[in-house]
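J.: Provided herewith is a single structure, encoded as structure tokens, for subsequent inquiry.
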Amino acid sequence: MITAVALAAYAVLVGVAVPLLLSRATWPHRAPVLAVFAWQGLMATFVVATALSVYHLALTEQHVHDGLIGLLSACGLAADAPAGESSPTLGDVLVLAAPVAIVLLPLGWLARCAWRARRARQRHLDMLTLVGEPAPEYGATIVDHAVPAVYCLPGRGRRIVITRGALDVLSEVQLRAVLEHERAHLQGRHHLLHILVDAFSRAFRSLPLARHAEEQTGLLLEMIADDRALRFHPREVLATAMCEVAAGRTPQAALGVGGSGALIRLRRVLTPPPRPHPAAWLGVVTATIAAPLLPLLVACGP
């Protein structure tokens with residue numbers, strides 16, 4: 001029982017307290033790649049800690065004493081399981097079903113979100129074949145629409161889309177800057193991270209970790225793409241381009257330069273924050289890797 005309470009407390013800490021602190025911290029904007037990694041680690045940690053907590057709550061007294069090895073032995077999966085006790089009982093199956101369901105819940109939503117995103121992208125690609133005009137000089141497709149917008153459709157048939165309105169208001173260098181931003185999304189496969197946090201937020205609705213992870217990941221991925229564009233273009237060019245296309249709406253399952261937190265990103269582009277100290281990088285990486293392993297060590301103990 002003590003182990004179950006400890007794991008439950010750890011899950012509450014990771015699912016409620018830590019997201020509030022991380023969402024208010026300033027260092028993620030200085031190291032967006034590292035921050036995305038930290039949010040992914042928190043989501044994995046919450047699933048592991050919650051599943052193990054439920055497992056220990058449902059275990060019989062003998063299984064609690066033996067930790068995870070006790071359940072594996074009861075199911076005939078451990079190497080030293082006695083031959084006469086290798087067949088799992090109904091109770092063993094029920095004990096295993098609860099934590100497995102917690103793990104399968106976000107995985108099920110992941111499959112559904114991936115399928116829905118793929119359908120949305122395919123519908124938009126079908127529409128582009130009818131109304132889009134290829135622009136090989138930009139490696140993009142032009143759509144006759146008055147509102148300035150530049151976005152990309154990731155996936156197998158990935159495409160960058162530029163509206164006529166964007167061509168009218170953006171200079172050549174500004175257009176090249178936003179195109180570099182969109183290429184960063186495509187090459188980094190940022191849509192996969194969007195699908196992951198979307199699935200987690202749907203699986204664990206109302207959980208602070210789910211809400212903050214979805215909001216912050218979207219913003220951080222845009223910052224990562226901004227940083228990629230800034231490698232090749234001046235800050236003023238990207239900033240003015242962002243202002244021009246900020247009003248453009250991005251279709252479902254697409255990623256656009258005028259995405260989430262445009263004002264925060266604009267301030268960051270014009271006033272770059274200092275990079276974190278290497279020791280801070282090492283500390284965050286170590287904590288992110290250790291966080292999901294800690295409940296496993298606790299659960300596997302006698």
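Letters A, B, ... go to the chains of the structure tokens in the order shown; residues in each chain start at 1; ligands are counted from 1 in the same order.
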Write out as a tab-separated table a residue-level contact list of range 183-221 of chain A versus range 11-35 of chain A with cut-off 6 Å: for each qualifying residue the closest pair of atoms and the distance in Å to one decimal, counting only C-alpha atoms, rows sorted by chain and residue number upward.
T.:
```
residue	atom	partner	partner_atom	distance
A:Pro208	CA	A:Val16	CA	5.4
A:Leu209	CA	A:Gly15	CA	4.9
A:Leu220	CA	A:Pro32	CA	5.2
```
J.: Write to file, as a PDB file, in the first residue's frame, the residues of the selection just made, with N, CA and C atoms.
T.:
```pdb
ATOM      1  N   PRO A 208      -3.937  18.981 -15.825  1.00  0.00           N
ATOM      2  CA  PRO A 208      -3.087  20.146 -16.146  1.00  0.00           C
ATOM      3  C   PRO A 208      -1.926  19.812 -17.067  1.00  0.00           C
ATOM      4  N   LEU A 209      -1.307  18.651 -16.891  1.00  0.00           N
ATOM      5  CA  LEU A 209      -0.199  18.267 -17.755  1.00  0.00           C
ATOM      6  C   LEU A 209      -0.650  18.193 -19.203  1.00  0.00           C
ATOM      7  N   LEU A 220       6.469  25.925 -28.653  1.00  0.00           N
ATOM      8  CA  LEU A 220       7.891  25.594 -28.714  1.00  0.00           C
ATOM      9  C   LEU A 220       8.300  25.107 -30.106  1.00  0.00           C
TER      10      LEU A 220
END
```
J.: Extract, using only C-alpha atoms, all DNA, RNA and protein residues at most 7 Å from range 48-60 of chain A, discarding same-chain residues fewer than 4 positions from it, and format them as a list of chain:residue names.
T.: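 What passes the distance filter is A:Met1, A:Ala4, A:Leu7, A:Ala8, A:Tyr10, A:Ala11, A:Ala44, A:Val64, A:Val95, A:Leu96, A:Ala98, A:Pro99, A:Ile102, A:Val103, A:Pro292, A:Pro295, A:Ala299.
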J.: Keeping N, CA and C atoms, export the residues of the selection given above as a PDB file, in the first residue's frame.
T.:
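Produced file part_21.pdb, reproduced below:
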```
ATOM      1  N   MET A   1       0.819  -1.208   0.000  1.00  0.00           N
ATOM      2  CA  MET A   1       0.000   0.000   0.000  1.00  0.00           C
ATOM      3  C   MET A   1       0.854   1.259   0.000  1.00  0.00           C
ATOM      4  N   ALA A   4       2.004   1.961  -3.482  1.00  0.00           N
ATOM      5  CA  ALA A   4       0.921   2.492  -4.316  1.00  0.00           C
ATOM      6  C   ALA A   4       0.680   3.970  -4.021  1.00  0.00           C
ATOM      7  N   LEU A   7       3.575   6.033  -5.475  1.00  0.00           N
ATOM      8  CA  LEU A   7       3.479   6.161  -6.921  1.00  0.00           C
ATOM      9  C   LEU A   7       2.349   7.100  -7.327  1.00  0.00           C
ATOM     10  N   ALA A   8       1.220   7.022  -6.593  1.00  0.00           N
ATOM     11  CA  ALA A   8       0.099   7.921  -6.880  1.00  0.00           C
ATOM     12  C   ALA A   8       0.494   9.371  -6.617  1.00  0.00           C
ATOM     13  N   TYR A  10       3.473  10.576  -6.767  1.00  0.00           N
ATOM     14  CA  TYR A  10       4.423  10.937  -7.819  1.00  0.00           C
ATOM     15  C   TYR A  10       3.676  11.293  -9.111  1.00  0.00           C
ATOM     16  N   ALA A  11       2.625  10.528  -9.428  1.00  0.00           N
ATOM     17  CA  ALA A  11       1.823  10.814 -10.622  1.00  0.00           C
ATOM     18  C   ALA A  11       1.123  12.158 -10.498  1.00  0.00           C
ATOM     19  N   ALA A  44       5.305  10.720 -20.542  1.00  0.00           N
ATOM     20  CA  ALA A  44       5.670   9.311 -20.363  1.00  0.00           C
ATOM     21  C   ALA A  44       5.717   8.947 -18.888  1.00  0.00           C
ATOM     22  N   VAL A  64       2.149  -7.764  -3.906  1.00  0.00           N
ATOM     23  CA  VAL A  64       2.702  -6.494  -3.447  1.00  0.00           C
ATOM     24  C   VAL A  64       4.077  -6.718  -2.843  1.00  0.00           C
ATOM     25  N   VAL A  95      -5.810  -8.035 -12.452  1.00  0.00           N
ATOM     26  CA  VAL A  95      -4.795  -7.147 -11.900  1.00  0.00           C
ATOM     27  C   VAL A  95      -3.980  -6.513 -13.020  1.00  0.00           C
ATOM     28  N   LEU A  96      -3.647  -7.300 -14.027  1.00  0.00           N
ATOM     29  CA  LEU A  96      -2.851  -6.799 -15.133  1.00  0.00           C
ATOM     30  C   LEU A  96      -3.661  -5.920 -16.076  1.00  0.00           C
ATOM     31  N   ALA A  98      -5.958  -3.581 -15.491  1.00  0.00           N
ATOM     32  CA  ALA A  98      -6.115  -2.175 -15.124  1.00  0.00           C
ATOM     33  C   ALA A  98      -4.932  -1.314 -15.565  1.00  0.00           C
ATOM     34  N   PRO A  99      -3.692  -1.660 -15.215  1.00  0.00           N
ATOM     35  CA  PRO A  99      -2.574  -0.833 -15.688  1.00  0.00           C
ATOM     36  C   PRO A  99      -2.382  -0.885 -17.199  1.00  0.00           C
ATOM     37  N   ILE A 102      -4.571   1.655 -18.810  1.00  0.00           N
ATOM     38  CA  ILE A 102      -4.058   3.024 -18.693  1.00  0.00           C
ATOM     39  C   ILE A 102      -3.008   3.294 -19.758  1.00  0.00           C
ATOM     40  N   VAL A 103      -2.201   2.298 -20.075  1.00  0.00           N
ATOM     41  CA  VAL A 103      -1.191   2.452 -21.128  1.00  0.00           C
ATOM     42  C   VAL A 103      -1.838   2.465 -22.504  1.00  0.00           C
ATOM     43  N   PRO A 292      10.805   8.955 -15.710  1.00  0.00           N
ATOM     44  CA  PRO A 292       9.991   7.746 -15.906  1.00  0.00           C
ATOM     45  C   PRO A 292      10.629   6.476 -15.367  1.00  0.00           C
ATOM     46  N   PRO A 295       9.673   5.571 -11.037  1.00  0.00           N
ATOM     47  CA  PRO A 295       8.576   4.694 -10.608  1.00  0.00           C
ATOM     48  C   PRO A 295       8.837   3.224 -10.905  1.00  0.00           C
ATOM     49  N   ALA A 299       8.669   0.358  -8.132  1.00  0.00           N
ATOM     50  CA  ALA A 299       7.740  -0.760  -8.282  1.00  0.00           C
ATOM     51  C   ALA A 299       8.445  -2.097  -8.326  1.00  0.00           C
TER      52      ALA A 299
END
```
J.: Write out as a ChimeraX atom specification all residues of range 27-214 of chain A that DSSP puts in helix (DSSP H, G or I) for this structure's backbone.
T.: /A:27-30,32-58,61-74,83-85,90-131,164-169,172-188,190-203,208-214
J.: From the set A:Leu297, A:Val100, A:Ala199, A:Leu230, which residue has the shortest atom-to-atom contact distance to Arg211 in chain A, counting only C-alpha atoms?
T.: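 Under the stated criterion, the closest residue is A:Ala199.
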J.: If we count only C-alpha atoms and set the cut-off at 10 Å, which residues sit around range 176-189 of chain A, ignoring sequence neighbours fewer than 2 positions away in its own chain? Please answer as a ChimeraX atom specification.
T.: /A:138-140,149-155,158-162,170-174,191-194,221-235,237-239,241-242,245,254-258
J.: Any chance you could export the current selection's N, CA and C atoms as a short mmCIF file (atom, residue, chain, number, x, y, z; two decimals), in the first residue's frame?
T.:
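Now in selection_32.cif:
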```
data_model
loop_
_atom_site.label_atom_id
_atom_site.label_comp_id
_atom_site.auth_asym_id
_atom_site.auth_seq_id
_atom_site.Cartn_x
_atom_site.Cartn_y
_atom_site.Cartn_z
N TYR A 138 9.61 28.32 -55.73
CA TYR A 138 9.53 28.37 -54.27
C TYR A 138 9.41 26.98 -53.65
N GLY A 139 9.22 25.97 -54.49
CA GLY A 139 8.98 24.64 -53.95
C GLY A 139 7.67 24.59 -53.19
N ALA A 140 6.65 25.28 -53.71
CA ALA A 140 5.40 25.43 -52.99
C ALA A 140 4.23 25.41 -53.97
N ALA A 149 -1.21 34.17 -45.99
CA ALA A 149 -0.96 32.96 -45.18
C ALA A 149 0.08 32.10 -45.86
N VAL A 150 0.92 31.50 -45.04
CA VAL A 150 1.91 30.52 -45.52
C VAL A 150 1.88 29.37 -44.53
N TYR A 151 1.69 28.15 -45.01
CA TYR A 151 1.63 27.00 -44.13
C TYR A 151 2.11 25.77 -44.88
N CYS A 152 2.28 24.68 -44.13
CA CYS A 152 2.74 23.44 -44.75
C CYS A 152 1.83 22.30 -44.33
N LEU A 153 1.69 21.35 -45.24
CA LEU A 153 0.98 20.11 -44.98
C LEU A 153 2.02 19.00 -44.86
N PRO A 154 2.23 18.45 -43.67
CA PRO A 154 3.25 17.41 -43.50
C PRO A 154 2.76 16.06 -43.98
N GLY A 155 3.58 15.05 -43.78
CA GLY A 155 3.18 13.70 -44.14
C GLY A 155 3.79 13.27 -45.46
N ARG A 158 3.70 15.81 -48.53
CA ARG A 158 3.91 17.11 -47.89
C ARG A 158 3.99 18.23 -48.93
N ARG A 159 3.48 19.36 -48.50
CA ARG A 159 3.38 20.49 -49.41
C ARG A 159 3.46 21.80 -48.62
N ILE A 160 4.08 22.82 -49.19
CA ILE A 160 4.07 24.17 -48.64
C ILE A 160 3.10 24.99 -49.48
N VAL A 161 2.23 25.74 -48.81
CA VAL A 161 1.18 26.49 -49.49
C VAL A 161 1.37 27.99 -49.22
N ILE A 162 1.25 28.77 -50.28
CA ILE A 162 1.34 30.23 -50.18
C ILE A 162 0.07 30.82 -50.81
N LEU A 170 4.41 40.21 -48.99
CA LEU A 170 5.76 39.81 -48.59
C LEU A 170 6.77 40.14 -49.68
N SER A 171 7.91 40.65 -49.24
CA SER A 171 9.01 40.84 -50.17
C SER A 171 9.66 39.49 -50.46
N GLU A 172 10.58 39.48 -51.39
CA GLU A 172 11.23 38.23 -51.75
C GLU A 172 11.99 37.62 -50.57
N VAL A 173 12.72 38.46 -49.84
CA VAL A 173 13.50 37.93 -48.70
C VAL A 173 12.58 37.50 -47.57
N GLN A 174 11.49 38.21 -47.36
CA GLN A 174 10.53 37.80 -46.33
C GLN A 174 9.89 36.47 -46.69
N HIS A 191 4.77 17.52 -36.98
CA HIS A 191 3.38 17.09 -36.89
C HIS A 191 3.24 15.84 -36.02
N LEU A 192 4.28 15.01 -35.95
CA LEU A 192 4.21 13.81 -35.11
C LEU A 192 4.13 14.18 -33.63
N LEU A 193 4.86 15.22 -33.24
CA LEU A 193 4.79 15.67 -31.85
C LEU A 193 3.44 16.29 -31.55
N HIS A 194 2.87 16.99 -32.52
CA HIS A 194 1.52 17.54 -32.35
C HIS A 194 0.51 16.41 -32.12
N LEU A 221 7.43 24.35 -30.76
CA LEU A 221 7.75 23.89 -32.11
C LEU A 221 7.83 25.05 -33.09
N GLU A 222 6.97 26.06 -32.88
CA GLU A 222 7.08 27.25 -33.73
C GLU A 222 8.39 27.98 -33.47
N MET A 223 8.82 28.01 -32.21
CA MET A 223 10.10 28.65 -31.89
C MET A 223 11.27 27.89 -32.52
N ILE A 224 11.18 26.58 -32.54
CA ILE A 224 12.23 25.78 -33.17
C ILE A 224 12.32 26.10 -34.66
N ALA A 225 11.16 26.22 -35.31
CA ALA A 225 11.15 26.58 -36.73
C ALA A 225 11.65 28.00 -36.94
N ASP A 226 11.32 28.91 -36.02
CA ASP A 226 11.84 30.28 -36.10
C ASP A 226 13.36 30.27 -36.05
N ASP A 227 13.92 29.49 -35.13
CA ASP A 227 15.38 29.43 -34.99
C ASP A 227 16.04 28.91 -36.25
N ARG A 228 15.38 27.95 -36.90
CA ARG A 228 15.92 27.42 -38.15
C ARG A 228 15.94 28.52 -39.23
N ALA A 229 14.87 29.29 -39.31
CA ALA A 229 14.82 30.37 -40.30
C ALA A 229 15.85 31.45 -40.01
N LEU A 230 16.12 31.69 -38.72
CA LEU A 230 17.08 32.72 -38.34
C LEU A 230 18.53 32.34 -38.67
N ARG A 231 18.77 31.07 -38.98
CA ARG A 231 20.12 30.68 -39.39
C ARG A 231 20.49 31.28 -40.74
N PHE A 232 19.48 31.57 -41.55
CA PHE A 232 19.73 32.00 -42.93
C PHE A 232 19.21 33.40 -43.23
N HIS A 233 18.42 33.97 -42.32
CA HIS A 233 17.80 35.25 -42.61
C HIS A 233 17.88 36.17 -41.39
N PRO A 234 17.97 37.49 -41.60
CA PRO A 234 18.04 38.44 -40.49
C PRO A 234 16.77 38.43 -39.65
N ARG A 235 16.92 38.81 -38.40
CA ARG A 235 15.79 38.81 -37.46
C ARG A 235 14.68 39.76 -37.91
N VAL A 237 13.84 40.64 -40.85
CA VAL A 237 13.13 40.10 -42.00
C VAL A 237 12.07 39.10 -41.55
N LEU A 238 12.47 38.17 -40.68
CA LEU A 238 11.51 37.18 -40.21
C LEU A 238 10.41 37.83 -39.37
N ALA A 239 10.77 38.80 -38.54
CA ALA A 239 9.78 39.45 -37.68
C ALA A 239 8.73 40.18 -38.50
N ALA A 241 7.91 39.58 -41.59
CA ALA A 241 7.14 38.58 -42.32
C ALA A 241 6.09 37.94 -41.42
N MET A 242 6.46 37.67 -40.16
CA MET A 242 5.50 37.10 -39.21
C MET A 242 4.33 38.03 -38.99
N VAL A 245 1.78 37.88 -41.99
CA VAL A 245 0.95 36.68 -42.16
C VAL A 245 0.30 36.24 -40.85
N ALA A 254 -2.36 21.26 -40.47
CA ALA A 254 -1.26 21.98 -41.11
C ALA A 254 -0.51 22.78 -40.06
N LEU A 255 0.69 23.23 -40.42
CA LEU A 255 1.53 24.04 -39.54
C LEU A 255 1.88 25.32 -40.28
N GLY A 256 1.73 26.47 -39.59
CA GLY A 256 1.95 27.73 -40.27
C GLY A 256 2.83 28.68 -39.49
N VAL A 257 3.47 29.60 -40.21
CA VAL A 257 4.38 30.55 -39.58
C VAL A 257 3.64 31.52 -38.67
N GLY A 258 2.35 31.73 -38.93
CA GLY A 258 1.56 32.60 -38.07
C GLY A 258 0.85 31.82 -36.98
#
```
